[in-house]
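Asker: What follows is start_7.tsv, made up of TSV, C-alpha atoms:
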chain	number	residue	atom	x	y	z
L	1	MET	CA	-2.70	93.99	66.26
L	2	LEU	CA	-1.00	93.02	63.05
L	3	ILE	CA	-2.95	93.36	59.80
L	4	GLN	CA	-0.50	91.31	57.74
L	5	ASP	CA	0.44	87.65	58.04
L	6	THR	CA	3.91	86.77	59.34
L	7	LYS	CA	5.87	83.56	59.80
L	8	ALA	CA	4.55	83.57	63.36
L	9	GLY	CA	0.85	83.62	62.49
L	10	TYR	CA	-2.10	85.02	60.59
L	11	GLY	CA	-2.80	88.76	60.68
L	12	LEU	CA	-6.14	90.37	61.29
L	13	LEU	CA	-7.21	90.65	57.64
L	14	THR	CA	-6.64	86.97	56.83
L	15	ARG	CA	-8.51	85.86	59.94
L	16	LEU	CA	-11.39	88.25	59.27
L	17	MET	CA	-11.75	87.14	55.66
L	18	HIS	CA	-11.51	83.47	56.65
L	19	TRP	CA	-14.32	83.64	59.21
L	20	ILE	CA	-16.57	85.91	57.14
L	21	MET	CA	-16.31	83.38	54.30
L	22	ALA	CA	-16.82	80.42	56.63
L	23	VAL	CA	-20.05	81.87	58.01
L	24	GLY	CA	-21.08	83.24	54.61
L	25	ILE	CA	-20.63	79.97	52.75
L	26	VAL	CA	-22.55	77.87	55.26
L	27	ALA	CA	-25.32	80.48	55.39
L	28	MET	CA	-25.47	80.59	51.58
L	29	PHE	CA	-25.77	76.81	51.44
L	30	VAL	CA	-28.73	76.85	53.83
L	31	LEU	CA	-30.29	79.84	52.07
L	32	GLY	CA	-29.86	78.15	48.69
L	33	LEU	CA	-31.50	74.92	49.81
L	34	TRP	CA	-34.36	76.82	51.43
L	35	MET	CA	-35.08	79.35	48.70
L	36	VAL	CA	-35.79	76.71	46.04
L	37	THR	CA	-38.52	75.22	48.23
L	38	LEU	CA	-40.46	78.49	48.62
L	39	SER	CA	-43.98	78.70	47.26
L	40	TYR	CA	-44.80	81.34	44.66
L	41	TYR	CA	-46.78	83.41	47.14
L	42	SER	CA	-44.11	83.33	49.85
L	43	PRO	CA	-43.01	86.87	50.79
L	44	TYR	CA	-39.42	85.63	50.40
L	45	TYR	CA	-39.90	84.19	46.89
L	46	GLN	CA	-38.05	87.15	45.34
L	47	THR	CA	-36.01	88.49	48.27
L	48	ALA	CA	-34.33	85.18	49.19
L	49	PRO	CA	-32.78	84.68	45.72
L	50	ASP	CA	-31.96	88.43	45.61
L	51	ILE	CA	-29.98	88.07	48.83
L	52	HIS	CA	-28.37	84.82	47.64
L	53	ARG	CA	-27.17	86.45	44.41
L	54	SER	CA	-25.96	89.61	46.17
L	55	VAL	CA	-24.06	87.80	48.91
L	56	GLY	CA	-22.64	85.41	46.29
L	57	ILE	CA	-21.09	88.25	44.31
L	58	LEU	CA	-19.69	89.83	47.48
L	59	LEU	CA	-18.17	86.48	48.47
L	60	LEU	CA	-16.67	86.17	44.97
L	61	ILE	CA	-15.02	89.58	45.36
L	62	LEU	CA	-13.83	88.59	48.83
L	63	LEU	CA	-12.43	85.33	47.44
L	64	VAL	CA	-10.35	87.21	44.86
L	65	VAL	CA	-9.08	89.70	47.47
L	66	ARG	CA	-8.29	86.86	49.85
L	67	PHE	CA	-6.40	84.95	47.16
L	68	ALA	CA	-4.34	88.03	46.27
L	69	TRP	CA	-3.70	88.67	49.98
L	70	ARG	CA	-2.54	85.06	50.45
L	71	LEU	CA	-0.08	85.45	47.54
L	72	ALA	CA	1.18	88.76	48.90
L	73	ASN	CA	1.79	87.46	52.42
L	74	PRO	CA	4.17	84.91	53.93
L	75	LYS	CA	2.66	81.60	55.02
L	76	PRO	CA	2.90	81.04	58.77
L	77	ASP	CA	5.28	78.34	59.92
L	78	ASP	CA	3.87	74.82	59.57
L	79	SER	CA	6.74	72.91	61.20
L	80	GLU	CA	4.56	71.49	63.95
L	81	LEU	CA	2.61	69.54	61.30
L	82	SER	CA	3.52	65.99	60.30
L	83	PRO	CA	5.31	65.58	56.93
L	84	LEU	CA	2.11	64.10	55.43
L	85	GLU	CA	0.03	67.04	56.68
L	86	ARG	CA	2.58	69.48	55.30
L	87	ALA	CA	2.29	67.79	51.89
L	88	VAL	CA	-1.51	67.65	51.82
L	89	SER	CA	-2.27	71.05	53.32
L	90	PRO	CA	-1.36	73.23	50.30
L	91	VAL	CA	-3.30	70.93	47.94
L	92	VAL	CA	-6.40	71.27	50.11
L	93	HIS	CA	-6.04	75.02	50.50
L	94	TRP	CA	-5.39	75.83	46.84
L	95	GLY	CA	-8.11	73.33	45.88
L	96	PHE	CA	-10.50	75.19	48.13
L	97	TYR	CA	-9.89	78.45	46.27
L	98	LEU	CA	-10.52	76.73	42.94
L	99	LEU	CA	-13.65	74.97	44.21
L	100	LEU	CA	-15.13	78.19	45.61
L	101	LEU	CA	-14.29	80.08	42.43
L	102	ALA	CA	-16.09	77.47	40.30
L	103	LEU	CA	-19.04	77.42	42.72
L	104	MET	CA	-19.46	81.19	42.65
L	105	VAL	CA	-18.91	81.61	38.92
L	106	SER	CA	-21.44	78.86	38.14
L	107	GLY	CA	-23.98	80.64	40.33
L	108	TYR	CA	-23.32	83.92	38.55
L	109	LEU	CA	-23.85	82.17	35.20
L	110	ILE	CA	-27.28	80.83	36.23
L	111	SER	CA	-28.47	84.40	36.71
L	112	SER	CA	-26.58	86.19	33.94
L	113	SER	CA	-26.46	83.82	30.94
L	114	ASP	CA	-29.74	85.27	29.62
L	115	GLY	CA	-27.98	88.63	29.29
L	116	ARG	CA	-29.28	90.18	32.48
L	117	PRO	CA	-26.90	91.74	34.99
L	118	VAL	CA	-26.71	90.43	38.54
L	119	GLU	CA	-27.88	93.04	41.01
L	120	VAL	CA	-25.92	93.26	44.27
L	121	PHE	CA	-28.45	94.65	46.76
L	122	ASN	CA	-29.10	98.12	45.43
L	123	TRP	CA	-25.42	99.03	45.45
L	124	PHE	CA	-24.17	97.97	42.03
L	125	SER	CA	-24.72	95.36	39.36
L	126	VAL	CA	-22.40	92.96	37.57
L	127	PRO	CA	-23.08	92.81	33.83
L	128	SER	CA	-23.61	89.56	31.95
L	129	VAL	CA	-20.33	88.42	30.39
L	130	ILE	CA	-21.41	85.16	28.76
L	131	HIS	CA	-24.78	85.50	27.05
L	132	GLU	CA	-25.65	81.97	26.02
L	133	LYS	CA	-29.22	80.70	25.82
L	134	GLY	CA	-29.67	77.59	27.91
L	135	LEU	CA	-26.37	77.89	29.79
L	136	GLU	CA	-28.33	78.33	33.04
L	137	GLU	CA	-29.11	74.61	32.93
L	138	PRO	CA	-25.58	73.11	33.03
L	139	ALA	CA	-24.47	76.02	35.23
L	140	GLY	CA	-27.25	75.09	37.65
L	141	THR	CA	-26.21	71.44	37.72
L	142	VAL	CA	-22.57	72.38	38.38
L	143	HIS	CA	-23.59	74.91	41.04
L	144	GLU	CA	-25.67	72.35	42.92
L	145	ILE	CA	-23.01	69.61	42.81
L	146	LEU	CA	-20.20	71.98	43.82
L	147	ALA	CA	-22.31	73.35	46.68
L	148	TYR	CA	-22.52	69.86	48.18
L	149	VAL	CA	-18.82	69.22	47.48
L	150	THR	CA	-17.93	72.54	49.15
L	151	ILE	CA	-19.90	71.70	52.28
L	152	ALA	CA	-18.32	68.23	52.39
L	153	VAL	CA	-14.80	69.67	52.03
L	154	ALA	CA	-15.63	72.37	54.61
L	155	ALA	CA	-16.78	69.67	57.04
L	156	LEU	CA	-13.50	67.76	56.53
L	157	HIS	CA	-11.57	71.02	56.92
L	158	SER	CA	-13.41	71.72	60.22
L	159	ALA	CA	-12.90	68.17	61.47
L	160	ALA	CA	-9.17	68.45	60.70
L	161	ALA	CA	-8.97	71.79	62.54
L	162	LEU	CA	-10.71	70.28	65.59
L	163	LYS	CA	-8.34	67.29	65.46
L	164	HIS	CA	-5.39	69.67	65.53
L	165	HIS	CA	-6.86	71.54	68.45
L	166	PHE	CA	-8.17	68.75	70.68
L	167	ILE	CA	-6.09	65.71	69.73
L	168	ASP	CA	-2.77	67.06	68.49
L	169	ARG	CA	-3.14	70.06	70.84
L	170	ASN	CA	-1.30	72.37	68.46
L	171	ARG	CA	-2.06	76.00	67.52
L	172	ILE	CA	-3.42	75.37	63.96
L	173	LEU	CA	-7.00	76.35	64.89
L	174	ALA	CA	-5.95	78.95	67.45
L	175	ARG	CA	-3.76	80.84	64.99
L	176	MET	CA	-6.73	81.32	62.65
L	177	TRP	CA	-8.85	82.52	65.55
L	178	SER	CA	-6.59	84.69	67.69
L	179	GLY	CA	-3.53	85.19	65.52
L	180	PRO	CA	0.12	84.88	66.54
L	181	PRO	CA	0.87	84.16	70.21
L	182	SER	CA	1.47	87.40	72.11
L	183	GLY	CA	5.09	88.46	72.28
L	184	THR	CA	6.07	87.15	68.83
K	1	MET	CA	-54.17	58.52	-1.23
K	2	LYS	CA	-51.96	56.05	0.58
K	3	VAL	CA	-55.04	54.42	2.09
K	4	VAL	CA	-56.67	53.86	-1.31
K	5	ARG	CA	-53.58	52.15	-2.69
K	6	THR	CA	-53.39	49.88	0.31
K	7	LYS	CA	-56.97	48.74	-0.07
K	8	LEU	CA	-56.58	48.00	-3.78
K	9	GLY	CA	-53.32	46.20	-3.14
K	10	CYS	CA	-54.78	43.94	-0.50
K	11	THR	CA	-57.37	42.50	-2.82
K	12	LYS	CA	-54.91	41.61	-5.54
K	13	ILE	CA	-51.63	40.63	-3.99
K	14	GLY	CA	-50.15	39.38	-0.75
K	15	ALA	CA	-48.69	41.48	2.02
K	16	VAL	CA	-45.08	40.95	0.99
K	17	SER	CA	-45.75	41.97	-2.59
K	18	LEU	CA	-47.69	44.91	-1.25
K	19	ALA	CA	-44.70	46.04	0.77
K	20	LEU	CA	-42.51	45.78	-2.32
K	21	LEU	CA	-45.10	47.69	-4.34
K	22	ALA	CA	-45.30	50.37	-1.70
K	23	ALA	CA	-41.53	50.67	-1.69
K	24	ALA	CA	-41.50	50.89	-5.48
K	25	LEU	CA	-44.22	53.56	-5.44
K	26	ALA	CA	-42.41	55.45	-2.74
K	27	ALA	CA	-39.25	55.38	-4.84
K	28	ALA	CA	-41.13	56.49	-7.96
K	29	ALA	CA	-43.08	59.28	-6.25
K	30	PRO	CA	-41.16	60.34	-3.13
K	31	ALA	CA	-44.30	61.11	-1.13
K	32	THR	CA	-48.02	61.39	-1.55
K	33	ALA	CA	-49.36	64.74	-2.67
K	34	ASP	CA	-50.89	65.74	0.66
K	35	ASP	CA	-48.10	65.11	3.14
K	36	TYR	CA	-46.51	68.19	4.65
K	37	VAL	CA	-43.51	68.72	6.86
K	38	ILE	CA	-43.84	71.57	9.32
K	39	ASP	CA	-41.33	74.22	8.32
K	40	THR	CA	-39.27	74.37	11.50
K	41	ALA	CA	-36.10	74.28	9.38
K	42	ARG	CA	-36.70	77.85	8.26
K	43	ALA	CA	-38.80	78.70	11.30
K	44	HIS	CA	-42.16	79.37	9.71
K	45	ALA	CA	-43.81	77.69	12.60
K	46	SER	CA	-43.96	78.33	16.31
K	47	ILE	CA	-45.47	76.90	19.44
K	48	ASN	CA	-46.29	79.69	21.83
K	49	PHE	CA	-47.97	79.75	25.19
K	50	ARG	CA	-49.22	82.32	27.59
K	51	ILE	CA	-50.37	82.24	31.17
K	52	LYS	CA	-51.69	84.95	33.46
K	53	HIS	CA	-49.18	86.40	35.89
K	54	LEU	CA	-50.98	86.95	39.21
K	55	GLY	CA	-54.06	87.81	37.16
K	56	PHE	CA	-52.41	91.12	36.23
K	57	SER	CA	-50.81	90.45	32.86
K	58	TRP	CA	-49.96	87.77	30.30
K	59	LEU	CA	-46.64	86.02	30.46
K	60	THR	CA	-45.66	84.59	27.11
K	61	GLY	CA	-43.22	81.90	26.15
K	62	ARG	CA	-42.55	79.35	23.49
K	63	PHE	CA	-40.90	76.05	22.72
K	64	ASP	CA	-37.97	76.73	20.41
K	65	ASN	CA	-37.44	73.16	19.22
K	66	PHE	CA	-40.12	70.93	17.79
K	67	ALA	CA	-40.88	68.97	14.65
K	68	GLY	CA	-43.98	67.69	12.98
K	69	THR	CA	-45.87	66.60	9.95
K	70	PHE	CA	-49.44	66.83	8.76
K	71	SER	CA	-51.48	65.54	5.89
K	72	PHE	CA	-53.99	67.79	4.22
K	73	ASP	CA	-56.26	67.26	1.27
K	74	GLU	CA	-58.23	70.30	0.15
K	75	ALA	CA	-60.90	68.05	-1.33
K	76	ASN	CA	-61.30	66.15	1.91
K	77	PRO	CA	-59.93	68.25	4.79
K	78	ALA	CA	-61.66	66.07	7.41
K	79	ALA	CA	-59.15	63.32	6.59
K	80	SER	CA	-56.30	65.58	7.72
K	81	LYS	CA	-53.88	64.40	10.35
K	82	VAL	CA	-51.27	66.22	12.36
K	83	LYS	CA	-48.44	65.03	14.54
K	84	VAL	CA	-46.06	67.24	16.50
K	85	GLU	CA	-43.18	66.42	18.81
K	86	ILE	CA	-41.81	69.10	21.13
K	87	ASP	CA	-38.47	69.20	22.96
K	88	THR	CA	-39.66	70.34	26.36
K	89	ASP	CA	-36.23	71.59	27.42
K	90	SER	CA	-36.39	74.23	24.67
K	91	VAL	CA	-38.90	76.20	26.74
K	92	ASN	CA	-38.10	79.88	26.40
K	93	THR	CA	-39.71	82.71	28.34
K	94	ASN	CA	-36.82	85.12	27.81
K	95	HIS	CA	-35.59	84.69	31.38
K	96	GLY	CA	-32.92	82.09	32.13
K	97	GLU	CA	-33.74	81.53	35.80
K	98	ARG	CA	-37.43	81.12	35.04
K	99	ASP	CA	-36.71	78.74	32.14
K	100	LYS	CA	-34.53	76.70	34.48
K	101	HIS	CA	-37.39	76.58	36.97
K	102	LEU	CA	-39.83	75.55	34.22
K	103	ARG	CA	-37.51	72.71	33.14
K	104	GLY	CA	-37.28	71.49	36.73
K	105	LYS	CA	-39.43	69.18	38.81
K	106	ASP	CA	-41.96	71.90	39.75
K	107	PHE	CA	-43.12	72.12	36.13
K	108	LEU	CA	-42.04	70.20	33.02
K	109	ASP	CA	-39.42	67.91	34.61
K	110	THR	CA	-37.65	67.80	31.27
K	111	ALA	CA	-34.91	65.43	32.44
K	112	LYS	CA	-37.60	62.79	32.99
K	113	PHE	CA	-40.00	63.92	30.23
K	114	PRO	CA	-37.88	65.38	27.41
K	115	LYS	CA	-40.64	65.13	24.78
K	116	ALA	CA	-44.21	66.32	24.54
K	117	THR	CA	-46.22	64.92	21.66
K	118	PHE	CA	-49.53	65.64	20.00
K	119	GLU	CA	-51.22	63.33	17.55
K	120	SER	CA	-54.64	64.08	16.12
K	121	THR	CA	-57.41	61.53	16.24
K	122	SER	CA	-60.16	63.42	14.45
K	123	VAL	CA	-60.65	66.59	12.44
K	124	VAL	CA	-64.05	68.22	12.03
K	125	VAL	CA	-64.05	70.90	9.35
K	126	ASN	CA	-66.30	73.94	9.11
K	127	GLY	CA	-65.24	76.11	6.20
K	128	ASP	CA	-61.78	77.50	6.92
K	129	LYS	CA	-62.09	76.48	10.55
K	130	ALA	CA	-61.57	73.08	12.06
K	131	THR	CA	-61.81	71.36	15.40
K	132	ILE	CA	-58.86	69.04	15.86
K	133	THR	CA	-59.13	66.44	18.58
K	134	GLY	CA	-56.11	64.47	19.59
K	135	ASN	CA	-53.91	63.15	22.35
K	136	LEU	CA	-51.36	65.38	24.00
K	137	THR	CA	-48.66	63.76	26.08
K	138	LEU	CA	-47.05	66.29	28.39
K	139	HIS	CA	-45.18	65.73	31.65
K	140	GLY	CA	-45.78	62.00	31.17
K	141	VAL	CA	-49.56	62.42	31.13
K	142	THR	CA	-51.60	61.69	28.00
K	143	LYS	CA	-54.88	63.57	27.74
K	144	GLU	CA	-57.32	64.20	24.94
K	145	ILE	CA	-57.34	67.86	23.99
K	146	VAL	CA	-59.26	69.90	21.44
K	147	ILE	CA	-57.52	72.47	19.24
K	148	GLU	CA	-59.61	75.12	17.48
K	149	ALA	CA	-57.79	75.68	14.21
K	150	ASP	CA	-58.02	78.22	11.38
K	151	ARG	CA	-56.61	77.73	7.97
K	152	VAL	CA	-54.60	80.87	7.27
K	153	GLY	CA	-53.72	80.18	3.65
K	154	GLY	CA	-51.96	77.94	1.20
K	155	GLY	CA	-50.62	77.67	-2.30
K	156	ASP	CA	-47.47	77.91	-4.36
K	157	ASP	CA	-44.58	79.66	-2.69
K	158	PRO	CA	-42.19	81.83	-4.75
K	159	TRP	CA	-39.43	79.20	-4.67
K	160	GLY	CA	-41.08	76.22	-6.36
K	161	GLY	CA	-42.71	74.70	-3.30
K	162	TYR	CA	-46.26	74.35	-2.13
K	163	ARG	CA	-47.35	75.30	1.36
K	164	GLN	CA	-50.32	75.29	3.73
K	165	GLY	CA	-50.56	77.28	6.92
K	166	PHE	CA	-52.75	76.98	9.98
K	167	THR	CA	-53.08	78.43	13.40
K	168	GLY	CA	-54.62	76.64	16.34
K	169	THR	CA	-55.28	77.37	19.99
K	170	THR	CA	-56.14	75.31	23.02
K	171	ARG	CA	-56.26	75.74	26.77
K	172	LEU	CA	-54.52	73.34	29.11
K	173	PRO	CA	-55.37	73.18	32.80
K	174	LEU	CA	-51.95	72.57	34.41
K	175	LYS	CA	-53.30	70.09	36.92
K	176	ASP	CA	-54.62	67.90	34.07
K	177	PHE	CA	-50.99	67.25	33.26
K	178	ASP	CA	-49.98	66.76	36.86
K	179	ILE	CA	-48.21	70.12	37.07
K	180	ASN	CA	-49.15	71.26	40.53
K	181	PHE	CA	-46.88	74.20	41.36
K	182	ASP	CA	-49.31	76.84	42.63
K	183	LEU	CA	-49.01	80.01	40.55
K	184	GLY	CA	-52.20	81.44	42.03
K	185	PRO	CA	-55.90	81.31	41.29
K	186	ALA	CA	-55.65	83.27	38.01
K	187	SER	CA	-52.92	81.04	36.62
K	188	LYS	CA	-54.39	77.56	36.55
K	189	GLU	CA	-54.51	77.32	32.76
K	190	VAL	CA	-52.02	77.89	30.01
K	191	GLU	CA	-53.11	78.91	26.54
K	192	LEU	CA	-51.24	77.24	23.73
K	193	THR	CA	-51.07	78.68	20.22
K	194	LEU	CA	-49.60	76.69	17.37
K	195	ASN	CA	-48.59	78.47	14.19
K	196	ILE	CA	-47.95	75.82	11.64
K	197	GLU	CA	-46.75	76.18	8.08
K	198	GLY	CA	-46.10	72.98	6.18
K	199	VAL	CA	-44.14	72.40	3.00
K	200	ARG	CA	-45.65	69.75	0.75
K	201	GLN	CA	-43.32	66.83	0.20
How would this structure read if it were set down as C-alpha cells?
Answerer:
Amino acid sequence: MLIQDTKAGYGLLTRLMHWIMAVGIVAMFVLGLWMVTLSYYSPYYQTAPDIHRSVGILLLILLVVRFAWRLANPKPDDSELSPLERAVSPVVHWGFYLLLLALMVSGYLISSSDGRPVEVFNWFSVPSVIHEKGLEEPAGTVHEILAYVTIAVAALHSAAALKHHFIDRNRILARMWSGPPSGT
Amino acid sequence: MKVVRTKLGCTKIGAVSLALLAAALAAAAPATADDYVIDTARAHASINFRIKHLGFSWLTGRFDNFAGTFSFDEANPAASKVKVEIDTDSVNTNHGERDKHLRGKDFLDTAKFPKATFESTSVVVNGDKATITGNLTLHGVTKEIVIEADRVGGGDDPWGGYRQGFTGTTRLPLKDFDINFDLGPASKEVELTLNIEGVRQ
C-alpha cells in the first residue's frame, strides 16, 4: 500500500489524515457545543474543555503536517471532473485549510491570551504567544462563527462527495476512502 | 453649595436668568468646593469583588474600567452623594477563559448590559463611618443596596490638589440581580469592595 500520493490516487497518509480530521472536527464541534452548557458541578466541567483544547492543538499540528504533505505530493488526476468543478475544487480545498487554521488559532487564543499555556493532555503544553488582556473575547466570537462556517462547508463538501459517488458515479469519494484502483 | 445658590436665585430672578447666572458662576468658579472626581485616571481607586469558590477559598476579581464622582462636605457629610458607572466587560479575575464566561449570558451578559451604575440616595454618617444607601443597576436589574463606608483620609496632596478617600463594602446576592448560574451553596453572594479616592475639582 502506497504511503505517498500519485497521479493515480491518494496514498495512505493523506487518506488517514483526511478521515482523522473529518471525524475529529465533527466531534470537536459537538463537544464544543455541549461543554459550554455544562453546569458547574458537572463531573465534565473541567475535563470536557481540557479534552477540547488538547484535541484542538493536535488537530492544528495535523493540519500543518497535512498541508505540508499536500504541497510535497502530486495531486491525483482530476480529468473526470467537469471544467467548472476543476476550477472550483482548488479554491474550496485551499479555503478549507485557511478556515481550519483560523478556527484552531482562534481557539488557542481564547485559552492562551491571558498568558497561560495550553496543556495537551499531560503530554506537553503550548506556551502563550500573544498575551493580550481581553483578546479572549473577540477570539471567542471568531471561534464560534468559524465553527459554524466550518460545519456548513464540511456539509457541502460531504454532499458534493456523495453527488460524485451516487449521481456522477465517479471515483472522487472512493479514491479518498480506498486509494488508487488496484493495478495502477 | 449649589443648592443654596439655586434657592436664592429662584426668589429673585426667573429661570432663564438663573441659568445664565449659573453658567456665569460656573465659568467664574469652575466647580463647587465639594465636588470630587474619582481618581481612575491615575488609578487611585478600585472596584474589587470576591466570592467563595466551592466554600473552600476566596476568588477575587475587579472591574478595571469605571468612572465616578462624589460630593463631600466635611461640615455636612450627610449631604454627600456618590455616583459610579462601571464598564462590566472590564471584569478581570486574572483568567481569560473565566472572564469570558463572566462576560457571557451565564453571568453579566455584558453585550446586553455593558454598564453597571450606582447612585446614592441617602448617606447616614456616624463619625468616620457612613451607611450609604443607593440604587445599583447590574445585569439590567435595579435594586437598592446598602454600602458600609469608612472615610480613610483626606487633605492636601503633595502636588497642589485636595483629595478625600473612602472605602466601602457591600454584599450582593447574585439572584437579586437575576444572575442564576449555580456556583454552589457557598457561592450565592459576592462581596464588593470599593476603594475610592476623589480629587476635588
Asker: When you get a sec, could you note down which chain L residues fall within 12 Å of chain K, using all atoms listed in the file, as a PyMOL selection string?
Answerer: chain L and resi 36-42+45-46+49+53+107-118+128+131-141
Asker: Interatomic distance between CA of Ala78 in chain K and CA of Ile38 in chain K?
Answerer: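 For CA of Ala78 in chain K relative to CA of Ile38 in chain K, the distance reads 18.7 Å.
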Asker: Any idea what the distance is between CA of Gln201 in chain K and CA of Asp34 in chain K?
Answerer: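 About the pair CA of Gln201 in chain K and CA of Asp34 in chain K: they are 7.7 Å apart.
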Asker: Suppose you want the space between CA of Lys83 in chain K and CA of Tyr36 in chain K; what is it in Å?
Answerer: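 A separation of 10.6 Å between them.
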Asker: Have a look at L:Ala160, L:Met17, L:Val120, L:Ala147 and name the one nearest to Gly32 in chain L; count only C-alpha atoms.
Answerer: L:Ala147
Asker: Excluding Lys129 in chain K and its own-chain neighbours fewer than 4 positions away, which residues fall within 12 Å of it when counting all atoms listed in the file? Please give them as a list in words.
Answerer: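 Residues meeting the cut-off are Pro77, Ala78, Val123, Val124, Val125, Ile147, Glu148, Ala149, Asp150, Arg151, Val152, Gly153, Phe166, Thr167, Gly168 and Thr169 of chain K.
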Asker: Which residues, written as a PyMOL selection string, have at least one atom at most 8 Å from range 143-145 of chain L, with all atoms listed in the file counted and residues fewer than 4 positions away on the same chain left out?
Answerer: chain L and resi 102-104+106-107+139+149
Asker: With a distance cut-off of 9 Å and all atoms listed in the file, select the neighbouring residues of range 83-92 of chain L, excluding the residue or stretch itself and same-chain residues fewer than 4 positions from it, and output the selection as JSON, numbers by chain.
Answerer: {"L": [78, 79, 96, 97, 153, 157]}
Asker: Which residues come within 7 Å of Pro74 in chain L, counting only C-alpha atoms, excluding same-chain residues fewer than 4 positions away, as a list of chain:residue names?
Answerer: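 Once the nearby chain positions are removed, what remains is L:Asp5, L:Thr6, L:Lys7.
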Asker: Using all atoms listed in the file, which of the listed residues (K:Leu102, K:Thr193, K:Thr88, K:Gly55) sits closest to Thr137 in chain K?
Answerer: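 Closest residue, counting all atoms listed in the file: K:Thr88.
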